[in-house]
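Structure data (compact mmCIF, C-alpha atoms) from protein-v1.txt:
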```txt
# COMPACT_ATOMS: atom_id res chain seq x y z
CA PRO A 11 6.92 27.05 199.33
CA CYS A 12 7.28 24.43 196.62
CA LEU A 13 10.62 22.62 196.60
CA LEU A 14 11.78 21.57 193.14
CA ARG A 15 14.90 19.76 192.00
CA MET A 16 17.07 22.21 190.07
CA THR A 17 17.59 21.50 186.39
CA SER A 18 19.48 23.46 183.77
CA THR A 19 17.09 25.33 181.49
CA ALA A 20 18.41 28.52 179.99
CA GLY A 21 16.26 28.36 176.86
CA ILE A 22 19.13 29.89 174.88
CA PRO A 23 19.63 28.10 171.54
CA GLU A 24 23.05 26.79 170.60
CA PRO A 25 24.41 28.60 167.53
CA ALA A 26 25.39 26.62 164.45
CA CYS A 27 28.93 27.97 164.84
CA SER A 28 30.73 30.29 167.23
CA CYS A 29 32.44 32.35 164.52
CA LEU A 30 31.70 36.09 164.74
CA LYS A 31 32.80 38.97 162.60
CA SER A 32 35.51 41.13 164.19
CA GLU A 33 33.01 43.98 164.01
CA GLY A 34 29.25 43.66 164.23
CA HIS A 35 26.08 45.71 164.31
CA ILE A 36 23.00 45.16 166.43
CA VAL A 37 19.78 47.16 166.59
CA LEU A 38 18.03 47.05 169.97
CA GLY A 39 14.31 47.78 169.97
CA THR A 40 12.81 49.35 173.08
CA ARG A 41 9.78 51.15 174.41
CA GLY A 42 10.24 54.88 174.88
CA SER A 43 9.59 55.14 178.61
CA ASP A 44 12.36 56.35 180.91
CA LEU A 45 12.59 52.91 182.50
CA ALA A 46 12.65 51.04 179.18
CA LEU A 47 15.42 53.32 177.91
CA ALA A 48 17.40 52.85 181.14
CA GLN A 49 17.11 49.06 180.81
CA THR A 50 18.17 49.18 177.17
CA GLN A 51 21.18 51.24 178.22
CA ILE A 52 22.09 48.52 180.72
CA VAL A 53 21.96 45.92 177.94
CA ALA A 54 24.00 48.14 175.62
CA GLU A 55 26.70 48.73 178.26
CA LYS A 56 27.03 45.03 179.00
CA LEU A 57 27.23 44.23 175.29
CA ARG A 58 29.93 46.88 174.79
CA ALA A 59 31.92 45.47 177.69
CA ALA A 60 31.77 42.01 176.11
CA HIS A 61 32.20 43.16 172.49
CA PRO A 62 34.14 46.46 172.45
CA ARG A 63 33.96 46.85 168.66
CA LEU A 64 30.23 46.18 168.40
CA ASN A 65 28.13 48.97 166.87
CA ILE A 66 24.91 49.28 168.90
CA GLU A 67 21.86 51.19 167.69
CA LYS A 68 18.71 51.80 169.76
CA ARG A 69 15.31 52.12 168.12
CA VAL A 70 12.21 53.31 170.05
CA ILE A 71 8.94 51.56 169.22
CA LYS A 72 5.59 52.59 170.71
CA THR A 73 3.46 49.75 172.06
CA THR A 74 -0.29 49.49 172.58
CA GLY A 75 0.20 49.95 176.32
CA ASP A 76 2.08 53.20 175.71
CA LYS A 77 -0.54 54.54 173.30
CA ARG A 78 -3.69 53.55 175.22
CA LEU A 79 -3.22 54.79 178.75
CA GLU A 80 -6.97 54.54 179.33
CA LEU A 81 -6.75 50.73 179.38
CA SER A 82 -7.02 49.20 182.83
CA LEU A 83 -4.47 46.46 183.41
CA SER A 84 -6.88 44.75 185.78
CA GLY A 85 -9.75 44.81 183.29
CA SER A 86 -7.97 44.40 179.98
CA LEU A 87 -7.78 40.94 178.45
CA GLU A 88 -5.28 42.07 175.85
CA ARG A 89 -1.99 40.23 176.14
CA GLY A 90 1.31 41.73 175.19
CA LEU A 91 0.21 45.31 175.81
CA PHE A 92 3.84 46.38 176.18
CA THR A 93 5.49 43.85 173.87
CA LYS A 94 3.41 43.13 170.75
CA GLU A 95 4.81 45.88 168.51
CA LEU A 96 8.38 45.09 169.54
CA GLU A 97 7.86 41.45 168.58
CA GLU A 98 6.30 42.47 165.28
CA ALA A 99 9.38 44.60 164.54
CA LEU A 100 11.57 41.60 165.32
CA LEU A 101 9.65 39.31 163.01
CA ALA A 102 9.72 41.95 160.28
CA GLY A 103 13.50 42.20 160.60
CA SER A 104 13.60 45.93 161.39
CA ILE A 105 15.43 45.26 164.69
CA HIS A 106 17.81 42.50 165.76
CA ALA A 107 16.71 42.26 169.40
CA ALA A 108 13.98 43.61 171.67
CA VAL A 109 14.62 44.62 175.28
CA HIS A 110 11.78 43.82 177.68
CA SER A 111 10.92 43.86 181.33
CA LEU A 112 10.48 40.11 181.57
CA LYS A 113 7.35 40.44 183.72
CA ASP A 114 5.61 42.17 180.78
CA LEU A 115 6.12 39.25 178.39
CA PRO A 116 3.23 36.79 177.91
CA THR A 117 4.21 33.19 178.57
CA GLU A 118 3.15 32.24 175.04
CA ARG A 119 5.39 33.93 172.48
CA PRO A 120 5.24 34.08 168.68
CA ASP A 121 6.81 31.25 166.69
CA GLY A 122 10.31 32.07 165.58
CA LEU A 123 11.26 34.22 168.58
CA VAL A 124 13.52 33.15 171.45
CA PHE A 125 15.30 34.67 174.41
CA GLY A 126 18.78 35.68 173.32
CA ALA A 127 19.64 36.60 176.91
CA ILE A 128 18.17 37.07 180.34
CA LEU A 129 20.31 39.42 182.39
CA LYS A 130 21.20 38.93 186.03
CA ARG A 131 18.15 39.80 188.04
CA ALA A 132 17.90 42.91 190.20
CA ASP A 133 16.05 42.99 193.53
CA PRO A 134 12.49 41.78 192.72
CA SER A 135 10.89 43.43 195.78
CA ASP A 136 7.96 45.83 195.71
CA VAL A 137 8.31 49.19 197.46
CA LEU A 138 5.86 51.64 198.93
CA VAL A 139 6.59 55.26 198.05
CA SER A 140 4.66 57.40 200.51
CA LYS A 141 4.37 60.82 202.09
CA ARG A 142 5.10 59.44 205.56
CA ARG A 143 8.00 57.53 207.00
CA GLY A 144 7.56 54.04 208.39
CA GLY A 145 6.51 52.15 205.29
CA LEU A 146 3.23 50.26 205.34
CA ALA A 147 2.87 50.59 209.12
CA GLY A 148 3.32 54.36 208.84
CA LEU A 149 0.26 54.86 206.64
CA PRO A 150 -2.81 56.31 208.39
CA ILE A 151 -6.04 54.32 208.72
CA GLU A 152 -7.90 54.16 205.39
CA ALA A 153 -4.95 55.65 203.54
CA CYS A 154 -5.25 55.88 199.74
CA VAL A 155 -2.65 53.86 197.84
CA ALA A 156 -2.32 53.70 194.05
CA THR A 157 -1.36 50.72 191.91
CA SER A 158 -2.36 49.33 188.51
CA SER A 159 -1.45 45.78 189.57
CA PRO A 160 -4.14 43.32 190.73
CA ARG A 161 -1.34 41.24 192.31
CA ARG A 162 -0.21 44.14 194.48
CA LYS A 163 -3.78 45.14 195.34
CA VAL A 164 -4.78 41.70 196.60
CA GLN A 165 -1.61 41.16 198.62
CA ILE A 166 -1.48 44.64 200.17
CA LEU A 167 -5.09 44.32 201.34
CA LEU A 168 -4.20 41.07 203.08
CA LEU A 169 -1.69 43.08 205.11
CA ARG A 170 -3.82 46.23 205.55
CA GLU A 171 -7.49 45.61 204.79
CA ASP A 172 -8.38 49.20 205.72
CA LEU A 173 -6.50 50.73 202.78
CA ARG A 174 -8.31 52.34 199.86
CA ILE A 175 -6.76 51.23 196.55
CA VAL A 176 -7.04 53.32 193.39
CA GLU A 177 -5.69 52.58 189.93
CA MET A 178 -2.86 54.64 188.47
CA ARG A 179 -1.07 54.09 185.17
CA GLY A 180 1.74 55.95 183.45
CA ASN A 181 5.51 55.76 183.56
CA VAL A 182 7.28 55.77 186.90
CA PRO A 183 8.33 59.45 187.00
CA THR A 184 4.79 60.53 186.06
CA ARG A 185 3.28 58.41 188.83
CA LEU A 186 5.73 59.81 191.36
CA ARG A 187 4.86 63.38 190.36
CA LYS A 188 1.14 62.57 190.63
CA LEU A 189 1.66 61.23 194.14
CA ALA A 190 3.57 64.33 195.22
CA ALA A 191 0.95 66.68 193.75
CA ASP A 192 -2.28 64.91 194.78
CA PRO A 193 -3.31 65.56 198.40
CA SER A 194 -5.79 62.66 198.28
CA LEU A 195 -3.01 60.10 197.67
CA ASP A 196 -0.89 58.70 200.49
CA GLY A 197 1.35 56.33 198.54
CA ILE A 198 1.99 54.20 195.48
CA LEU A 199 3.39 50.70 195.00
CA LEU A 200 6.26 50.20 192.55
CA ALA A 201 8.94 47.67 191.66
CA LYS A 202 12.21 48.37 193.48
CA ALA A 203 14.27 47.31 190.46
CA GLY A 204 12.67 49.94 188.24
CA LEU A 205 13.13 52.67 190.81
CA ASP A 206 16.76 51.71 191.33
CA ARG A 207 17.44 51.72 187.59
CA LEU A 208 15.97 55.19 187.18
CA GLY A 209 17.89 56.56 190.15
CA ARG A 210 16.61 58.16 193.32
CA GLU A 211 16.73 61.60 191.71
CA VAL A 212 13.35 60.84 190.08
CA ILE A 213 11.72 60.75 193.54
CA PRO A 214 10.24 64.17 194.43
CA ALA A 215 11.27 65.76 197.72
CA GLY A 216 9.16 64.74 200.69
CA LEU A 217 8.50 61.17 199.52
CA HIS A 218 9.89 58.13 201.32
CA VAL A 219 10.67 54.64 199.99
CA ALA A 220 10.30 51.40 201.95
CA VAL A 221 10.37 47.77 200.85
CA VAL A 222 7.04 46.05 201.48
CA GLU A 223 7.77 42.77 203.21
CA ARG A 224 5.57 39.69 202.69
CA ILE A 225 4.43 40.65 199.18
CA LEU A 226 5.59 38.24 196.47
CA PRO A 227 6.66 39.77 193.13
CA ALA A 228 5.27 39.21 189.67
CA PRO A 229 6.86 36.30 187.77
CA GLY A 230 10.04 37.64 186.20
CA GLN A 231 10.01 40.91 188.14
CA GLY A 232 13.44 42.53 188.27
CA ALA A 233 14.74 40.64 185.22
CA ILE A 234 15.53 42.10 181.80
CA ALA A 235 14.93 39.82 178.80
CA VAL A 236 16.39 40.32 175.33
CA GLU A 237 14.34 38.63 172.63
CA CYS A 238 15.55 37.87 169.11
CA ARG A 239 14.75 35.76 166.07
CA GLU A 240 15.52 32.06 166.41
CA SER A 241 17.20 32.14 163.00
CA ASP A 242 19.48 35.08 163.86
CA LEU A 243 22.44 33.03 165.08
CA GLU A 244 24.88 35.94 165.12
CA SER A 245 22.69 38.04 167.44
CA ILE A 246 22.15 34.99 169.65
CA GLU A 247 25.89 34.52 169.95
CA LEU A 248 26.47 38.21 170.70
CA LEU A 249 23.81 38.17 173.41
CA ARG A 250 25.13 35.00 175.01
CA ALA A 251 27.86 37.06 176.70
CA VAL A 252 25.30 38.97 178.81
CA HIS A 253 23.12 35.98 179.69
CA HIS A 254 22.81 34.90 183.36
CA GLU A 255 21.98 31.21 183.68
CA ALA A 256 20.84 31.18 187.34
CA THR A 257 18.35 33.97 186.68
CA ALA A 258 17.07 32.13 183.59
CA ILE A 259 16.44 28.98 185.62
CA CYS A 260 14.52 30.91 188.30
CA VAL A 261 12.33 32.95 185.98
CA ALA A 262 11.54 29.88 183.87
CA ALA A 263 10.03 28.25 186.97
CA GLU A 264 8.05 31.40 187.76
CA ARG A 265 6.69 31.64 184.24
CA ASP A 266 5.81 27.94 184.24
CA PHE A 267 3.67 28.60 187.33
CA LEU A 268 2.06 31.62 185.64
CA ARG A 269 1.34 29.54 182.53
CA ALA A 270 -0.20 26.75 184.61
CA GLN A 271 -2.48 29.30 186.31
CA GLY A 272 -3.52 30.70 182.94
CA GLY A 273 -2.72 34.22 184.05
CA GLY A 274 -1.23 37.48 182.88
CA CYS A 275 -0.82 40.99 184.23
CA HIS A 276 -4.61 41.24 184.76
CA VAL A 277 -4.63 38.36 187.29
CA ALA A 278 -3.37 38.39 190.89
CA ILE A 279 -0.59 35.83 190.49
CA ALA A 280 2.86 36.07 192.08
CA ALA A 281 5.91 33.81 191.99
CA TRP A 282 9.47 34.10 193.22
CA ALA A 283 12.10 31.41 192.67
CA THR A 284 15.53 31.25 194.30
CA ILE A 285 18.37 28.74 194.22
CA GLU A 286 19.37 27.66 197.70
CA ASP A 287 21.81 24.83 198.48
CA GLY A 288 21.46 23.42 194.98
CA ARG A 289 17.65 23.41 195.07
CA LEU A 290 15.18 25.63 193.27
CA ILE A 291 12.69 27.01 195.79
CA LEU A 292 9.50 28.45 194.32
CA ARG A 293 7.23 30.62 196.48
CA THR A 294 3.86 31.38 194.95
CA PHE A 295 0.65 33.35 195.42
CA PRO A 296 -1.89 31.87 195.51
CA PRO A 297 0.03 29.11 197.34
CA SER A 298 0.26 25.93 195.27
```

Output the file's structure in the form of structure tokens.
Amino acid sequence: PCLLRMTSTAGIPEPACSCLKSEGHIVLGTRGSDLALAQTQIVAEKLRAAHPRLNIEKRVIKTTGDKRLELSLSGSLERGLFTKELEEALLAGSIHAAVHSLKDLPTERPDGLVFGAILKRADPSDVLVSKRRGGLAGLPIEACVATSSPRRKVQILLLREDLRIVEMRGNVPTRLRKLAADPSLDGILLAKAGLDRLGREVIPAGLHVAVVERILPAPGQGAIAVECRESDLESIELLRAVHHEATAICVAAERDFLRAQGGGCHVAIAAWATIEDGRLILRTFPPS
């Protein structure tokens, strides 16, 4: 691991003043997937807890990644597959804030947009959902495992080089149903945070979930980011109440590593930062 001295870097702009209206209105833009809607609900609930009189509206916006399911994440060079249209809506002023899975956001963002908040991170682990108990060790020789992530593919093959890896896209419930229905598939790899946010009821009967040890997550995995316009000081101030500074420090380090590697979701890059005894510890793949 790389050991770095911890510095404060939330990336949240200071508002010109802290005065807010007694009542406010905020429009949250989101993708329409079950997971995106669940994450937007988390943001909305935290905002309501902090600002009980706030009027919150949710607006679903389809992204390129949602429309073009034929695109391979490993082969596509398009950046912002799941974020571009949300950011365009922000810049156009049709929404006040956009809710993202932070791992989907390119490290280079449009001028005029900032993070209004990064929520406290959930467990960033990857899990194997399979038809057998025992996790990775319980898979038969030459088992077929699905993932759309080059990062997961490379790391899982380092642990089990015999596995056959196939690509699978679609939202989480759809992928789980495909696994349950396809006799040629033995398992799929998913983010634990997403599965937890959807609830275990989305897992079909007969499937088993196990954390995959020794696989590092994608930079920002498990974190929800809320993006807004840099000039929208009132939304920035509203969102400040749900911001988690320690998470922001950790994911900033992970995204700095990703930026230095010149990568995105089509490259096998992993990073996981934690704060331990006042130090920021950054574990990376490939090791730096």

Computed interatomic separation between atom CA of Thr294 of chain A and atom CA of Gly180 of chain A (Å):
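Pair atom CA of Thr294 of chain A / atom CA of Gly180 of chain A returns 27.2 Å.
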
Kindly give the distance, in Å, that separates atom CA of His218 of chain A and atom CA of Pro160 of chain A, rounded to a single decimal.
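Going from atom CA of His218 of chain A over to atom CA of Pro160 of chain A, I get 23.0 Å.
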
For a test of reading the model, state the distance in Å between atom CA of Met178 of chain A and atom CA of Leu199 of chain A, rounded to one decimal.
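A separation of 9.9 Å between them.
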
From the list A:Thr40, A:Thr117, A:Asn65, A:Gln51, which residue is nearest Phe92 of chain A when using only C-alpha atoms?
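Going through A:Thr40, A:Thr117, A:Asn65, A:Gln51 one by one, the smallest distance to Phe92 of chain A is for A:Thr40.
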
Go through A:Ala99, A:Val155, A:Leu168, A:Leu249 and flag the residue nearest Asp192 of chain A, using all atoms listed in the file for the distances.
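Between A:Ala99, A:Val155, A:Leu168, A:Leu249, the residue approaching Asp192 of chain A most closely is A:Val155.
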
Give me the residues near segment 224-241 of chain A as a PyMOL selection string, where near means some atom within 7 Å (using only C-alpha atoms) and where sequence neighbours in that chain fewer than 5 positions away do not count.
chain A and resi 100-101+106-113+122-136+165+203+261+264-265+279-282

Which one is closest to Lys202 of chain A: A:Ala220, A:Ala46, A:Leu149, A:Cys260? Count only C-alpha atoms.
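Among A:Ala220, A:Ala46, A:Leu149, A:Cys260, it is A:Ala220 that comes nearest to Lys202 of chain A.
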
Pick from A:Ile213, A:Leu186, A:Lys94, A:Ala256 nearest to Ala283 of chain A, counting only C-alpha atoms:
A:Ala256

Skip Ala278 of chain A itself and residues of its chain fewer than 5 positions away, then list as a PyMOL selection string all residues within 8 Å of it, counting all atoms listed in the file.
chain A and resi 159-162+164+295

Between A:Leu169, A:Leu208, A:Pro183, A:Val219, which residue has the minimum interatomic distance to Ile52 of chain A, considering all atoms listed in the file?
A:Leu208
